[in-house]
$ cat final03.cif   # mmCIF, C-alpha atoms
data_input
loop_
_atom_site.group_PDB
_atom_site.id
_atom_site.type_symbol
_atom_site.label_atom_id
_atom_site.label_comp_id
_atom_site.auth_asym_id
_atom_site.auth_seq_id
_atom_site.Cartn_x
_atom_site.Cartn_y
_atom_site.Cartn_z
ATOM 1 C CA MET A 1 -44.620 23.673 8.071
ATOM 2 C CA GLU A 2 -44.433 19.980 7.269
ATOM 3 C CA ALA A 3 -43.306 20.792 3.721
ATOM 4 C CA GLN A 4 -40.494 22.964 5.065
ATOM 5 C CA VAL A 5 -39.314 20.204 7.401
ATOM 6 C CA PHE A 6 -39.418 17.732 4.508
ATOM 7 C CA ILE A 7 -37.318 20.039 2.324
ATOM 8 C CA GLN A 8 -34.769 20.501 5.118
ATOM 9 C CA ALA A 9 -34.569 16.736 5.602
ATOM 10 C CA GLU A 10 -33.969 16.266 1.865
ATOM 11 C CA ASP A 11 -31.238 18.922 1.899
ATOM 12 C CA ALA A 12 -29.554 17.251 4.874
ATOM 13 C CA GLU A 13 -29.732 13.849 3.185
ATOM 14 C CA GLY A 14 -28.248 15.299 0.013
ATOM 15 C CA SER A 15 -25.405 16.901 1.971
ATOM 16 C CA TRP A 16 -24.568 13.629 3.692
ATOM 17 C CA THR A 17 -24.649 11.807 0.356
ATOM 18 C CA LEU A 18 -22.230 14.346 -1.115
ATOM 19 C CA LEU A 19 -19.915 14.064 1.902
ATOM 20 C CA SER A 20 -20.031 10.276 1.698
ATOM 21 C CA LEU A 21 -19.154 10.377 -2.003
ATOM 22 C CA LEU A 22 -16.304 12.794 -1.337
ATOM 23 C CA ALA A 23 -14.978 10.568 1.471
ATOM 24 C CA SER A 24 -15.107 7.548 -0.841
ATOM 25 C CA VAL A 25 -13.153 9.355 -3.561
ATOM 26 C CA VAL A 26 -10.521 10.457 -1.034
ATOM 27 C CA MET A 27 -10.328 6.901 0.298
ATOM 28 C CA VAL A 28 -9.779 5.462 -3.189
ATOM 29 C CA PHE A 29 -7.032 7.861 -4.238
ATOM 30 C CA GLY A 30 -5.689 9.007 -0.866
ATOM 31 C CA GLY A 31 -3.396 6.032 -0.409
ATOM 32 C CA ALA A 32 -1.622 6.682 -3.711
ATOM 33 C CA LEU A 33 -1.182 10.457 -3.340
ATOM 34 C CA PRO A 34 1.881 10.279 -1.010
ATOM 35 C CA TYR A 35 3.850 8.555 -3.788
ATOM 36 C CA ILE A 36 3.485 11.509 -6.157
ATOM 37 C CA PRO A 37 6.264 13.552 -4.476
ATOM 38 C CA GLN A 38 8.477 10.447 -4.398
ATOM 39 C CA TYR A 39 7.829 9.911 -8.106
ATOM 40 C CA GLN A 40 8.701 13.535 -8.820
ATOM 41 C CA GLU A 41 11.847 13.316 -6.698
ATOM 42 C CA ILE A 42 13.089 10.267 -8.608
ATOM 43 C CA GLN A 43 12.318 11.964 -11.922
ATOM 44 C CA ARG A 44 14.129 15.121 -10.889
ATOM 45 C CA SER A 45 17.253 13.461 -9.509
ATOM 46 C CA SER A 46 17.356 10.379 -11.795
ATOM 47 C CA ASN A 47 18.334 8.459 -8.661
ATOM 48 C CA THR A 48 16.373 5.693 -6.946
ATOM 49 C CA GLU A 49 18.745 4.992 -4.050
ATOM 50 C CA GLY A 50 16.462 6.740 -1.562
ATOM 51 C CA PHE A 51 13.443 4.604 -2.443
ATOM 52 C CA SER A 52 13.168 0.860 -1.866
ATOM 53 C CA THR A 53 11.342 -0.957 -4.645
ATOM 54 C CA ARG A 54 10.515 -3.654 -2.110
ATOM 55 C CA VAL A 55 7.915 -1.238 -0.780
ATOM 56 C CA CYS A 56 6.198 -1.843 -4.119
ATOM 57 C CA LEU A 57 6.519 -5.595 -3.587
ATOM 58 C CA VAL A 58 4.863 -5.409 -0.159
ATOM 59 C CA LEU A 59 1.998 -3.248 -1.398
ATOM 60 C CA LEU A 60 1.449 -5.292 -4.548
ATOM 61 C CA VAL A 61 1.248 -8.549 -2.609
ATOM 62 C CA ALA A 62 -0.969 -7.018 0.101
ATOM 63 C CA ASN A 63 -3.432 -5.499 -2.372
ATOM 64 C CA ILE A 64 -3.603 -8.577 -4.586
ATOM 65 C CA LEU A 65 -4.402 -10.622 -1.486
ATOM 66 C CA ARG A 66 -7.011 -8.072 -0.467
ATOM 67 C CA ILE A 67 -8.740 -8.337 -3.853
ATOM 68 C CA PHE A 68 -9.028 -12.111 -3.518
ATOM 69 C CA PHE A 69 -10.157 -11.695 0.074
ATOM 70 C CA TRP A 70 -12.980 -9.513 -1.287
ATOM 71 C CA ILE A 71 -14.041 -12.387 -3.555
ATOM 72 C CA GLY A 72 -14.395 -14.671 -0.546
ATOM 73 C CA LYS A 73 -15.798 -12.097 1.882
ATOM 74 C CA GLN A 74 -17.100 -8.941 0.306
ATOM 75 C CA PHE A 75 -16.448 -5.655 2.099
ATOM 76 C CA GLU A 76 -16.612 -1.976 1.158
ATOM 77 C CA VAL A 77 -16.288 -1.562 -2.627
ATOM 78 C CA THR A 78 -14.359 1.656 -1.972
ATOM 79 C CA LEU A 79 -11.516 -0.364 -0.452
ATOM 80 C CA LEU A 80 -11.555 -2.727 -3.422
ATOM 81 C CA LEU A 81 -11.131 0.227 -5.783
ATOM 82 C CA GLN A 82 -8.395 1.571 -3.513
ATOM 83 C CA SER A 83 -6.486 -1.679 -3.990
ATOM 84 C CA VAL A 84 -6.759 -1.386 -7.780
ATOM 85 C CA VAL A 85 -5.492 2.215 -7.689
ATOM 86 C CA MET A 86 -2.619 1.263 -5.375
ATOM 87 C CA ILE A 87 -1.558 -1.607 -7.659
ATOM 88 C CA LEU A 88 -1.485 0.740 -10.656
ATOM 89 C CA THR A 89 0.499 3.270 -8.598
ATOM 90 C CA MET A 90 3.101 0.687 -7.626
ATOM 91 C CA PHE A 91 3.457 -0.404 -11.255
ATOM 92 C CA ALA A 92 4.043 3.239 -12.190
ATOM 93 C CA MET A 93 6.751 3.519 -9.510
ATOM 94 C CA LEU A 94 8.404 0.315 -10.701
ATOM 95 C CA HIS A 95 8.302 1.446 -14.322
ATOM 96 C CA LEU A 96 10.009 4.706 -13.386
ATOM 97 C CA CYS A 97 12.669 2.932 -11.311
ATOM 98 C CA CYS A 98 13.408 0.512 -14.153
ATOM 99 C CA SER A 99 13.707 3.411 -16.607
ATOM 100 C CA VAL A 100 16.114 5.257 -14.306
ATOM 101 C CA HIS A 101 18.195 2.127 -13.727
ATOM 102 C CA SER A 102 18.334 1.489 -17.465
ATOM 103 C CA SER A 103 19.548 5.013 -18.225
ATOM 104 C CA ASN A 104 22.139 4.932 -15.426
ATOM 105 C CA ARG A 105 23.379 1.392 -16.041
ATOM 106 C CA VAL A 106 27.053 1.086 -16.884
ATOM 107 C CA SER A 107 27.250 -2.676 -17.273
ATOM 108 C CA THR A 108 25.421 -4.376 -20.133
ATOM 109 C CA LYS A 109 24.581 -7.400 -17.971
ATOM 110 C CA GLN A 110 20.901 -7.643 -17.111
ATOM 111 C CA HIS A 111 19.115 -9.664 -14.460
ATOM 112 C CA ARG A 112 15.867 -11.305 -15.520
ATOM 113 C CA LEU A 113 13.184 -13.262 -13.747
ATOM 114 C CA THR A 114 13.882 -16.241 -15.988
ATOM 115 C CA ASP A 115 17.411 -16.464 -14.561
ATOM 116 C CA LEU A 116 15.844 -17.850 -11.353
ATOM 117 C CA ASP A 117 18.635 -16.267 -9.316
ATOM 118 C CA VAL A 118 17.361 -15.588 -5.784
ATOM 119 C CA ARG A 119 20.179 -13.079 -5.199
ATOM 120 C CA TYR A 120 18.500 -10.731 -7.641
ATOM 121 C CA PHE A 121 14.915 -11.327 -6.620
ATOM 122 C CA TRP A 122 12.964 -8.095 -7.159
ATOM 123 C CA LYS A 123 16.117 -6.500 -8.580
ATOM 124 C CA TRP A 124 15.350 -7.309 -12.176
ATOM 125 C CA SER A 125 16.367 -5.052 -15.026
ATOM 126 C CA ALA A 126 13.145 -5.125 -17.050
ATOM 127 C CA PHE A 127 9.736 -3.877 -15.961
ATOM 128 C CA GLU A 128 8.128 -6.826 -17.754
ATOM 129 C CA ASP A 129 9.639 -9.199 -15.177
ATOM 130 C CA TYR A 130 7.801 -7.436 -12.357
ATOM 131 C CA LEU A 131 4.557 -7.661 -14.320
ATOM 132 C CA LEU A 132 5.144 -11.350 -14.995
ATOM 133 C CA PHE A 133 5.804 -12.073 -11.328
ATOM 134 C CA CYS A 134 2.635 -10.270 -10.227
ATOM 135 C CA LEU A 135 0.561 -12.021 -12.877
ATOM 136 C CA GLY A 136 1.947 -15.369 -11.735
ATOM 137 C CA PHE A 137 1.215 -14.555 -8.100
ATOM 138 C CA ALA A 138 -2.309 -13.438 -8.979
ATOM 139 C CA ALA A 139 -2.869 -16.605 -11.008
ATOM 140 C CA LEU A 140 -1.737 -18.732 -8.050
ATOM 141 C CA CYS A 141 -4.091 -16.851 -5.733
ATOM 142 C CA ALA A 142 -6.922 -17.279 -8.253
ATOM 143 C CA VAL A 143 -6.440 -21.049 -8.445
ATOM 144 C CA LEU A 144 -6.256 -21.421 -4.656
ATOM 145 C CA THR A 145 -9.270 -19.173 -4.154
ATOM 146 C CA LEU A 146 -11.263 -21.150 -6.713
ATOM 147 C CA LEU A 147 -10.418 -24.422 -4.995
ATOM 148 C CA LEU A 148 -10.807 -23.226 -1.390
ATOM 149 C CA LEU A 149 -13.473 -20.540 -1.698
ATOM 150 C CA ASP A 150 -15.825 -22.480 0.585
ATOM 151 C CA SER A 151 -13.198 -22.692 3.331
ATOM 152 C CA ALA A 152 -13.719 -19.926 5.902
ATOM 153 C CA VAL A 153 -10.223 -20.548 7.286
ATOM 154 C CA PHE A 154 -8.621 -19.921 3.892
ATOM 155 C CA VAL A 155 -10.625 -16.738 3.274
ATOM 156 C CA GLU A 156 -9.759 -15.342 6.706
ATOM 157 C CA ALA A 157 -6.117 -16.277 6.137
ATOM 158 C CA LEU A 158 -6.113 -14.143 2.971
ATOM 159 C CA GLY A 159 -7.394 -11.163 4.954
ATOM 160 C CA SER A 160 -4.898 -11.695 7.751
ATOM 161 C CA LEU A 161 -1.982 -11.967 5.325
ATOM 162 C CA ALA A 162 -3.052 -8.783 3.540
ATOM 163 C CA VAL A 163 -3.171 -6.870 6.837
ATOM 164 C CA THR A 164 0.154 -8.304 7.992
ATOM 165 C CA PHE A 165 1.942 -7.352 4.772
ATOM 166 C CA GLU A 166 0.614 -3.802 4.971
ATOM 167 C CA ALA A 167 1.661 -3.568 8.608
ATOM 168 C CA MET A 168 5.257 -4.318 7.601
ATOM 169 C CA LEU A 169 5.208 -1.721 4.813
ATOM 170 C CA ALA A 170 7.976 0.372 6.374
ATOM 171 C CA VAL A 171 10.442 -2.502 6.819
ATOM 172 C CA PRO A 172 11.866 -2.455 3.229
ATOM 173 C CA GLN A 173 12.435 1.294 3.455
ATOM 174 C CA LEU A 174 14.046 0.852 6.863
ATOM 175 C CA LEU A 175 16.508 -1.696 5.476
ATOM 176 C CA GLN A 176 17.230 0.581 2.510
ATOM 177 C CA ASN A 177 18.021 3.490 4.833
ATOM 178 C CA LEU A 178 20.274 1.311 6.968
ATOM 179 C CA GLN A 179 22.130 0.121 3.889
ATOM 180 C CA ASN A 180 22.583 3.663 2.553
ATOM 181 C CA ARG A 181 23.231 5.101 6.051
ATOM 182 C CA CYS A 182 21.196 8.123 4.947
ATOM 183 C CA THR A 183 17.732 9.043 3.710
ATOM 184 C CA ARG A 184 18.739 11.151 0.719
ATOM 185 C CA GLY A 185 16.172 10.902 -2.041
ATOM 186 C CA MET A 186 13.418 9.750 0.305
ATOM 187 C CA SER A 187 10.300 11.899 0.366
ATOM 188 C CA ASN A 188 9.158 12.891 3.850
ATOM 189 C CA LEU A 189 5.599 13.217 2.538
ATOM 190 C CA THR A 190 5.738 9.611 1.410
ATOM 191 C CA VAL A 191 6.715 8.446 4.899
ATOM 192 C CA ARG A 192 3.904 10.414 6.477
ATOM 193 C CA GLY A 193 1.452 9.208 3.879
ATOM 194 C CA GLN A 194 2.402 5.579 4.433
ATOM 195 C CA ARG A 195 2.002 5.985 8.177
ATOM 196 C CA GLU A 196 -1.404 7.660 7.900
ATOM 197 C CA ARG A 197 -2.541 5.037 5.404
ATOM 198 C CA GLU A 198 -1.654 2.234 7.775
ATOM 199 C CA ARG A 199 -3.373 4.026 10.672
ATOM 200 C CA SER A 200 -6.590 4.347 8.713
ATOM 201 C CA GLY A 201 -9.398 2.386 10.284
ATOM 202 C CA GLY A 202 -10.736 1.339 6.902
ATOM 203 C CA GLU A 203 -7.517 -0.511 6.169
ATOM 204 C CA ARG A 204 -8.033 -3.152 8.877
ATOM 205 C CA LEU A 205 -9.643 -6.061 7.084
ATOM 206 C CA GLY A 206 -8.434 -8.954 9.203
ATOM 207 C CA PRO A 207 -10.461 -11.846 10.582
ATOM 208 C CA SER A 208 -13.086 -9.477 12.001
ATOM 209 C CA GLU A 209 -16.236 -8.481 10.142
ATOM 210 C CA PRO A 210 -15.563 -5.840 7.504
ATOM 211 C CA ARG A 211 -16.918 -2.459 8.546
ATOM 212 C CA THR A 212 -19.308 -0.573 6.324
ATOM 213 C CA GLY A 213 -18.039 2.880 7.243
ATOM 214 C CA VAL A 214 -15.333 4.776 5.461
ATOM 215 C CA GLY A 215 -12.567 6.061 7.679
ATOM 216 C CA PRO A 216 -11.470 9.670 7.412
ATOM 217 C CA GLN A 217 -8.408 10.348 5.294
ATOM 218 C CA ILE A 218 -7.511 13.643 6.972
ATOM 219 C CA PRO A 219 -4.147 13.391 8.799
ATOM 220 C CA GLY A 220 -4.701 13.661 12.514
ATOM 221 C CA LEU A 221 -8.257 12.293 12.392
ATOM 222 C CA GLN A 222 -7.215 8.824 11.248
ATOM 223 C CA SER A 223 -5.456 7.906 14.481
ATOM 224 C CA LEU A 224 -8.540 8.795 16.504
ATOM 225 C CA TYR A 225 -10.770 6.942 14.044
ATOM 226 C CA ALA A 226 -8.562 3.838 14.216
ATOM 227 C CA LEU A 227 -8.639 3.852 18.023
ATOM 228 C CA THR A 228 -12.409 4.238 18.215
ATOM 229 C CA THR A 229 -13.395 1.803 15.441
ATOM 230 C CA ALA A 230 -10.717 -0.913 15.572
ATOM 231 C CA PRO A 231 -12.310 -4.314 16.252
ATOM 232 C CA SER A 232 -11.716 -5.772 19.671
ATOM 233 C CA ASN A 233 -10.063 -8.848 18.191
ATOM 234 C CA ALA A 234 -7.707 -6.919 15.886
ATOM 235 C CA PRO A 235 -4.227 -8.515 15.840
ATOM 236 C CA ILE A 236 -2.231 -6.725 18.525
ATOM 237 C CA ALA A 237 1.064 -7.966 17.087
ATOM 238 C CA VAL A 238 0.237 -6.334 13.758
ATOM 239 C CA ALA A 239 -0.475 -3.014 15.455
ATOM 240 C CA TYR A 240 2.824 -3.131 17.351
ATOM 241 C CA ALA A 241 4.655 -4.035 14.123
ATOM 242 C CA GLU A 242 3.201 -0.911 12.477
ATOM 243 C CA ILE A 243 4.261 1.339 15.329
ATOM 244 C CA PHE A 244 7.751 -0.169 15.581
ATOM 245 C CA SER A 245 8.543 -0.127 11.859
ATOM 246 C CA PHE A 246 7.291 3.389 11.196
ATOM 247 C CA SER A 247 9.011 4.721 14.305
ATOM 248 C CA LEU A 248 12.340 3.348 13.091
ATOM 249 C CA VAL A 249 11.890 4.770 9.597
ATOM 250 C CA ASN A 250 11.049 8.206 10.960
ATOM 251 C CA TYR A 251 14.034 8.024 13.315
ATOM 252 C CA LEU A 252 16.345 7.328 10.388
ATOM 253 C CA ARG A 253 14.578 9.973 8.304
ATOM 254 C CA PHE A 254 15.552 12.741 10.692
ATOM 255 C CA TYR A 255 18.650 11.540 12.535
ATOM 256 C CA THR A 256 20.834 9.706 10.038
ATOM 257 C CA ILE A 257 23.740 11.517 8.444
#

$ encode --input "final03.cif" --output "structure tokens"
Amino acid sequence: MEAQVFIQAEDAEGSWTLLSLLASVVMVFGGALPYIPQYQEIQRSSNTEGFSTRVCLVLLVANILRIFFWIGKQFEVTLLLQSVVMILTMFAMLHLCCSVHSSNRVSTKQHRLTDLDVRYFWKWSAFEDYLLFCLGFAALCAVLTLLLLDSAVFVEALGSLAVTFEAMLAVPQLLQNLQNRCTRGMSNLTVRGQRERERSGGERLGPSEPRTGVGPQIPGLQSLYALTTAPSNAPIAVAYAEIFSFSLVNYLRFYTI
């Protein structure tokens, strides 16, 4: 009898381990999956007007900050890997957008990072300029982190900035839709994926203690998970910014002409 109970306990433990591993894999790659249909849409139409590359800027900055926040205050390794995957995904999106712009360009004039022209910030012609900017930003963060690693205020500021940038993820797309006065070329799955990613409880890495659990990545369960596991001192302004920005983007997605 005792042997049977022991075997059942081992089976249950193995099942939970498998579920935990599966949840971790979904967490790592789930944030990048919504950009696959957007990537395919840009490839199919050879048009990037429906997608704002500044979304890539926001996510690159947020995830680079999150990586350096992990150095100062280690949290779930799954979320660290998620940041690496998201950075690679954003580089892939930028590479595609640069390729499309290059093939569609009529003028021979190019805008480069070395021009130091703020009017064309993040509107450069070459993919290498985006890489150079991100490497420079990462190098700056590395130097500051090395110098101020013992400062709790600095480490918490990194986490807060990462959360704030991710909360404003929809703003670049909102401005792009307003400028175009339409949402043609914008993937609805990408909008939903961005919203669910921001609602995920595991994404909130602000000044509170990092949680050890992995939030569910199934649409519909994330909102409930976020409500039940969000720390009591989570920035309320950040939460309202998420709701406001995504509500506006979805309004434009379905009601603009």

$ atom_distance --input "final03.cif" --atom1 "atom CA of Met168 of chain A" --atom2 "atom CA of Asp115 of chain A"
28.0 Å

$ atom_distance --input "final03.cif" --atom1 "atom CA of Ser151 of chain A" --atom2 "atom CA of Gly72 of chain A"
9.0 Å

$ resolve_selection --input "final03.cif" --expression "the PyMOL selection byres ((chain A and resi 137) around 12)" --output "ChimeraX atom specification"
/A:57,60-65,68,130-136,138-144

$ residues_around --input "final03.cif" --residues "Gln82 of chain A" --least-positions-apart "2" --cutoff "8 Å" --atoms "all atoms listed in the file" --output "PyMOL selection string"
chain A and resi 27-29+31+78-80+84-86

$ closest_residue --input "final03.cif" --among "A:Val118, A:Leu158, A:Ala167, A:Leu149" --to "Arg66 of chain A" --atoms "all atoms listed in the file"
A:Leu158

$ resolve_selection --input "final03.cif" --expression "the PyMOL selection byres ((chain A and resi 99) around 12)" --output "compact mmCIF listing (two decimals) with C-alpha atoms, in the coordinates of the input"
# COMPACT_ATOMS: atom_id res chain seq x y z
CA ILE A 42 13.09 10.27 -8.61
CA GLN A 43 12.32 11.96 -11.92
CA SER A 46 17.36 10.38 -11.80
CA ASN A 47 18.33 8.46 -8.66
CA THR A 48 16.37 5.69 -6.95
CA ALA A 92 4.04 3.24 -12.19
CA MET A 93 6.75 3.52 -9.51
CA LEU A 94 8.40 0.32 -10.70
CA HIS A 95 8.30 1.45 -14.32
CA LEU A 96 10.01 4.71 -13.39
CA CYS A 97 12.67 2.93 -11.31
CA CYS A 98 13.41 0.51 -14.15
CA VAL A 100 16.11 5.26 -14.31
CA HIS A 101 18.20 2.13 -13.73
CA SER A 102 18.33 1.49 -17.46
CA SER A 103 19.55 5.01 -18.23
CA ASN A 104 22.14 4.93 -15.43
CA ARG A 105 23.38 1.39 -16.04
CA TRP A 124 15.35 -7.31 -12.18
CA SER A 125 16.37 -5.05 -15.03
CA ALA A 126 13.14 -5.12 -17.05
CA PHE A 127 9.74 -3.88 -15.96
CA GLU A 128 8.13 -6.83 -17.75

$ atom_distance --input "final03.cif" --atom1 "atom CA of Ala32 of chain A" --atom2 "atom CA of Gln173 of chain A"
16.7 Å

$ closest_residue --input "final03.cif" --among "A:Glu166, A:Met90, A:Pro34, A:Ala152" --to "Cys56 of chain A" --atoms "only C-alpha atoms"
A:Met90

$ closest_residue --input "final03.cif" --among "A:Leu19, A:Glu41, A:Leu148, A:Leu59" --to "Leu88 of chain A" --atoms "all atoms listed in the file"
A:Leu59

$ decode --input "final03.cif" --residues "segment 53-69 of chain A" --atoms "N, CA, C and O atoms" --output "PDB file, in the first residue's frame"
ATOM      1  N   THR A  53       8.109  50.774 -36.377  1.00  0.00           N
ATOM      2  CA  THR A  53       9.380  50.230 -35.904  1.00  0.00           C
ATOM      3  C   THR A  53       9.753  50.751 -34.520  1.00  0.00           C
ATOM      4  O   THR A  53      10.640  50.186 -33.873  1.00  0.00           O
ATOM      5  N   ARG A  54       9.052  51.785 -34.068  1.00  0.00           N
ATOM      6  CA  ARG A  54       9.319  52.281 -32.714  1.00  0.00           C
ATOM      7  C   ARG A  54       8.811  51.311 -31.652  1.00  0.00           C
ATOM      8  O   ARG A  54       9.213  51.408 -30.491  1.00  0.00           O
ATOM      9  N   VAL A  55       7.924  50.406 -32.049  1.00  0.00           N
ATOM     10  CA  VAL A  55       7.562  49.310 -31.148  1.00  0.00           C
ATOM     11  C   VAL A  55       8.809  48.489 -30.836  1.00  0.00           C
ATOM     12  O   VAL A  55       9.035  48.073 -29.685  1.00  0.00           O
ATOM     13  N   CYS A  56       9.635  48.266 -31.849  1.00  0.00           N
ATOM     14  CA  CYS A  56      10.898  47.554 -31.653  1.00  0.00           C
ATOM     15  C   CYS A  56      11.817  48.332 -30.714  1.00  0.00           C
ATOM     16  O   CYS A  56      12.491  47.740 -29.854  1.00  0.00           O
ATOM     17  N   LEU A  57      11.844  49.650 -30.866  1.00  0.00           N
ATOM     18  CA  LEU A  57      12.671  50.477 -29.987  1.00  0.00           C
ATOM     19  C   LEU A  57      12.242  50.321 -28.535  1.00  0.00           C
ATOM     20  O   LEU A  57      13.073  50.121 -27.639  1.00  0.00           O
ATOM     21  N   VAL A  58      10.941  50.406 -28.279  1.00  0.00           N
ATOM     22  CA  VAL A  58      10.426  50.290 -26.913  1.00  0.00           C
ATOM     23  C   VAL A  58      10.782  48.933 -26.315  1.00  0.00           C
ATOM     24  O   VAL A  58      11.256  48.843 -25.174  1.00  0.00           O
ATOM     25  N   LEU A  59      10.561  47.869 -27.077  1.00  0.00           N
ATOM     26  CA  LEU A  59      10.825  46.531 -26.559  1.00  0.00           C
ATOM     27  C   LEU A  59      12.320  46.258 -26.398  1.00  0.00           C
ATOM     28  O   LEU A  59      12.734  45.580 -25.449  1.00  0.00           O
ATOM     29  N   LEU A  60      13.131  46.775 -27.305  1.00  0.00           N
ATOM     30  CA  LEU A  60      14.571  46.590 -27.159  1.00  0.00           C
ATOM     31  C   LEU A  60      15.094  47.283 -25.909  1.00  0.00           C
ATOM     32  O   LEU A  60      15.849  46.695 -25.123  1.00  0.00           O
ATOM     33  N   VAL A  61      14.684  48.525 -25.708  1.00  0.00           N
ATOM     34  CA  VAL A  61      15.129  49.257 -24.516  1.00  0.00           C
ATOM     35  C   VAL A  61      14.630  48.574 -23.252  1.00  0.00           C
ATOM     36  O   VAL A  61      15.387  48.378 -22.282  1.00  0.00           O
ATOM     37  N   ALA A  62      13.349  48.187 -23.233  1.00  0.00           N
ATOM     38  CA  ALA A  62      12.764  47.563 -22.038  1.00  0.00           C
ATOM     39  C   ALA A  62      13.478  46.259 -21.695  1.00  0.00           C
ATOM     40  O   ALA A  62      13.784  45.990 -20.525  1.00  0.00           O
ATOM     41  N   ASN A  63      13.762  45.432 -22.690  1.00  0.00           N
ATOM     42  CA  ASN A  63      14.370  44.132 -22.413  1.00  0.00           C
ATOM     43  C   ASN A  63      15.852  44.236 -22.111  1.00  0.00           C
ATOM     44  O   ASN A  63      16.382  43.432 -21.335  1.00  0.00           O
ATOM     45  N   ILE A  64      16.534  45.202 -22.684  1.00  0.00           N
ATOM     46  CA  ILE A  64      17.934  45.431 -22.294  1.00  0.00           C
ATOM     47  C   ILE A  64      18.001  45.890 -20.842  1.00  0.00           C
ATOM     48  O   ILE A  64      18.839  45.414 -20.062  1.00  0.00           O
ATOM     49  N   LEU A  65      17.093  46.791 -20.462  1.00  0.00           N
ATOM     50  CA  LEU A  65      17.049  47.230 -19.067  1.00  0.00           C
ATOM     51  C   LEU A  65      16.717  46.069 -18.133  1.00  0.00           C
ATOM     52  O   LEU A  65      17.268  45.964 -17.039  1.00  0.00           O
ATOM     53  N   ARG A  66      15.822  45.204 -18.583  1.00  0.00           N
ATOM     54  CA  ARG A  66      15.447  44.068 -17.734  1.00  0.00           C
ATOM     55  C   ARG A  66      16.627  43.124 -17.507  1.00  0.00           C
ATOM     56  O   ARG A  66      16.812  42.584 -16.414  1.00  0.00           O
ATOM     57  N   ILE A  67      17.447  42.928 -18.554  1.00  0.00           N
ATOM     58  CA  ILE A  67      18.617  42.060 -18.403  1.00  0.00           C
ATOM     59  C   ILE A  67      19.580  42.623 -17.368  1.00  0.00           C
ATOM     60  O   ILE A  67      20.107  41.888 -16.512  1.00  0.00           O
ATOM     61  N   PHE A  68      19.809  43.928 -17.402  1.00  0.00           N
ATOM     62  CA  PHE A  68      20.715  44.530 -16.419  1.00  0.00           C
ATOM     63  C   PHE A  68      20.070  44.599 -15.045  1.00  0.00           C
ATOM     64  O   PHE A  68      20.782  44.561 -14.029  1.00  0.00           O
ATOM     65  N   PHE A  69      18.757  44.681 -15.000  1.00  0.00           N
ATOM     66  CA  PHE A  69      18.066  44.589 -13.711  1.00  0.00           C
ATOM     67  C   PHE A  69      18.276  43.205 -13.096  1.00  0.00           C
ATOM     68  O   PHE A  69      18.435  43.059 -11.887  1.00  0.00           O
TER      69      PHE A  69
END
